[in-house]
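Undergrad: Dumping the structure here so I can ask a few things about it.
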Amino acid sequence: MAMRLLATATRVAPMVGRQGSALRAVVPVSAASAAVPTRTWFGFGMAKGADEINAEGQEDKAVWSLEAVDDSAEYLVGPDQWTASERSDREALAKEVHAMASATPQVPADHAFYAKMFDLLIKYDDWRGVIAARDIGPEGNIEFSPELAEKIKTYLEDAEERSYHQGGNW
């Protein structure tokens, strides 16, 4: 091994001082050719898809302004499936949120909006939505009235109890 290393060093060392690169002398021509893009785990070197090529140079849209794809049928099954009235109520609430976000200047959600949202979520027994809205409220500087806070607390305690006794995954 030491002899090989010494032989390689003597072949490379004299070439370093010349005008040519030492790397050209050591690396075979086939390895120095242009790299061919290949697929990798992280996508580096992958060819762009048609949608990426079409999107180049176009203005980016805000996430909240994109049209939502209704994939509820894929994830909700059995009694969790939305009824037509629930779907229309949720769509109306989503349109109201969109209108507040797209207004110039933006309209912040107030206590009345949160009370309406909690009423809708409790009406359709969406305890995950109630928990998410309860946690987001303080981030928007919303202080829940004692009546609303008690209503949320009572509902969540009842939902947890029902979930436990019905074999749910609270």
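Numbering starts fresh at 1 for the residues of each chain in the structure tokens, the chains themselves are lettered A, B, ... in the order given, and ligands are numbered from 1 as they appear.
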Would you list the contacts of segment 143-148 of chain A as a list in words, taking every protein, DNA or RNA residue within 10 Å and counting only C-alpha atoms, but skipping same-chain residues closer than 6 positions in sequence?
TA: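 That gives Asp110, His111, Ala112, Tyr114, Ala115, Phe118, Asp119, Arg134, Gly137 and Thr154 of chain A.
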Undergrad: Kindly give the distance, in Å, that separates atom CA of Ala109 of chain A and atom CA of Ile152 of chain A, rounded to a single decimal.
TA: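 A separation of 17.9 Å between them.
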Undergrad: In terms of the shortest atom-to-atom distance over only C-alpha atoms, which of A:Tyr124, A:Glu91, A:Lys153, A:Glu86 is closest to Asp70 of chain A?
TA: A:Glu91
Undergrad: As a PyMOL selection string, please: the residues near segment 52-66 of chain A (cut-off 9 Å, only C-alpha atoms, same-chain neighbours under 3 positions excluded).
TA: chain A and resi 48-49+98+101-102
Undergrad: Save the residues we just selected, all heavy atoms, as a PDB file, in the first residue's frame?
TA:
```
ATOM      1  N   LYS A  48     -37.403  19.219 -14.479  1.00  0.00           N
ATOM      2  CA  LYS A  48     -38.612  19.903 -14.040  1.00  0.00           C
ATOM      3  C   LYS A  48     -39.824  19.316 -14.745  1.00  0.00           C
ATOM      4  O   LYS A  48     -39.763  18.965 -15.921  1.00  0.00           O
ATOM      5  CB  LYS A  48     -38.520  21.389 -14.352  1.00  0.00           C
ATOM      6  CG  LYS A  48     -37.513  22.120 -13.518  1.00  0.00           C
ATOM      7  CD  LYS A  48     -37.515  23.588 -13.828  1.00  0.00           C
ATOM      8  CE  LYS A  48     -36.494  24.310 -12.968  1.00  0.00           C
ATOM      9  NZ  LYS A  48     -36.461  25.735 -13.243  1.00  0.00           N
ATOM     10  N   GLY A  49     -40.923  19.250 -14.015  1.00  0.00           N
ATOM     11  CA  GLY A  49     -42.175  18.777 -14.590  1.00  0.00           C
ATOM     12  C   GLY A  49     -42.837  19.883 -15.395  1.00  0.00           C
ATOM     13  O   GLY A  49     -42.454  21.055 -15.336  1.00  0.00           O
ATOM     14  N   HIS A  98     -62.280  33.998   4.236  1.00  0.00           N
ATOM     15  CA  HIS A  98     -61.592  34.453   3.024  1.00  0.00           C
ATOM     16  C   HIS A  98     -61.864  35.937   2.787  1.00  0.00           C
ATOM     17  O   HIS A  98     -60.953  36.699   2.422  1.00  0.00           O
ATOM     18  CB  HIS A  98     -62.046  33.622   1.825  1.00  0.00           C
ATOM     19  CG  HIS A  98     -61.245  33.868   0.594  1.00  0.00           C
ATOM     20  ND1 HIS A  98     -61.326  35.026  -0.121  1.00  0.00           N
ATOM     21  CD2 HIS A  98     -60.346  33.090  -0.053  1.00  0.00           C
ATOM     22  CE1 HIS A  98     -60.524  34.976  -1.159  1.00  0.00           C
ATOM     23  NE2 HIS A  98     -59.913  33.810  -1.140  1.00  0.00           N
ATOM     24  N   ALA A 101     -59.788  37.977   5.161  1.00  0.00           N
ATOM     25  CA  ALA A 101     -58.360  37.947   4.843  1.00  0.00           C
ATOM     26  C   ALA A 101     -58.044  38.739   3.581  1.00  0.00           C
ATOM     27  O   ALA A 101     -56.968  39.331   3.471  1.00  0.00           O
ATOM     28  CB  ALA A 101     -57.894  36.506   4.673  1.00  0.00           C
ATOM     29  N   SER A 102     -58.969  38.763   2.614  1.00  0.00           N
ATOM     30  CA  SER A 102     -58.681  39.442   1.351  1.00  0.00           C
ATOM     31  C   SER A 102     -59.115  40.900   1.348  1.00  0.00           C
ATOM     32  O   SER A 102     -58.863  41.611   0.384  1.00  0.00           O
ATOM     33  CB  SER A 102     -59.337  38.689   0.193  1.00  0.00           C
ATOM     34  OG  SER A 102     -60.740  38.652   0.366  1.00  0.00           O
TER      35      SER A 102
END
```
Undergrad: Figure out the distance between atom CA of Glu157 of chain A and atom CA of Arg128 of chain A, please, to one decimal in Å.
TA: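 Calculated distance between atom CA of Arg128 of chain A and atom CA of Glu157 of chain A is 12.6 Å.
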Undergrad: Go through A:Val107, A:Ile136, A:Ile131, A:Met100 and flag the residue nearest Leu156 of chain A, using only C-alpha atoms for the distances.
TA: A:Ile131
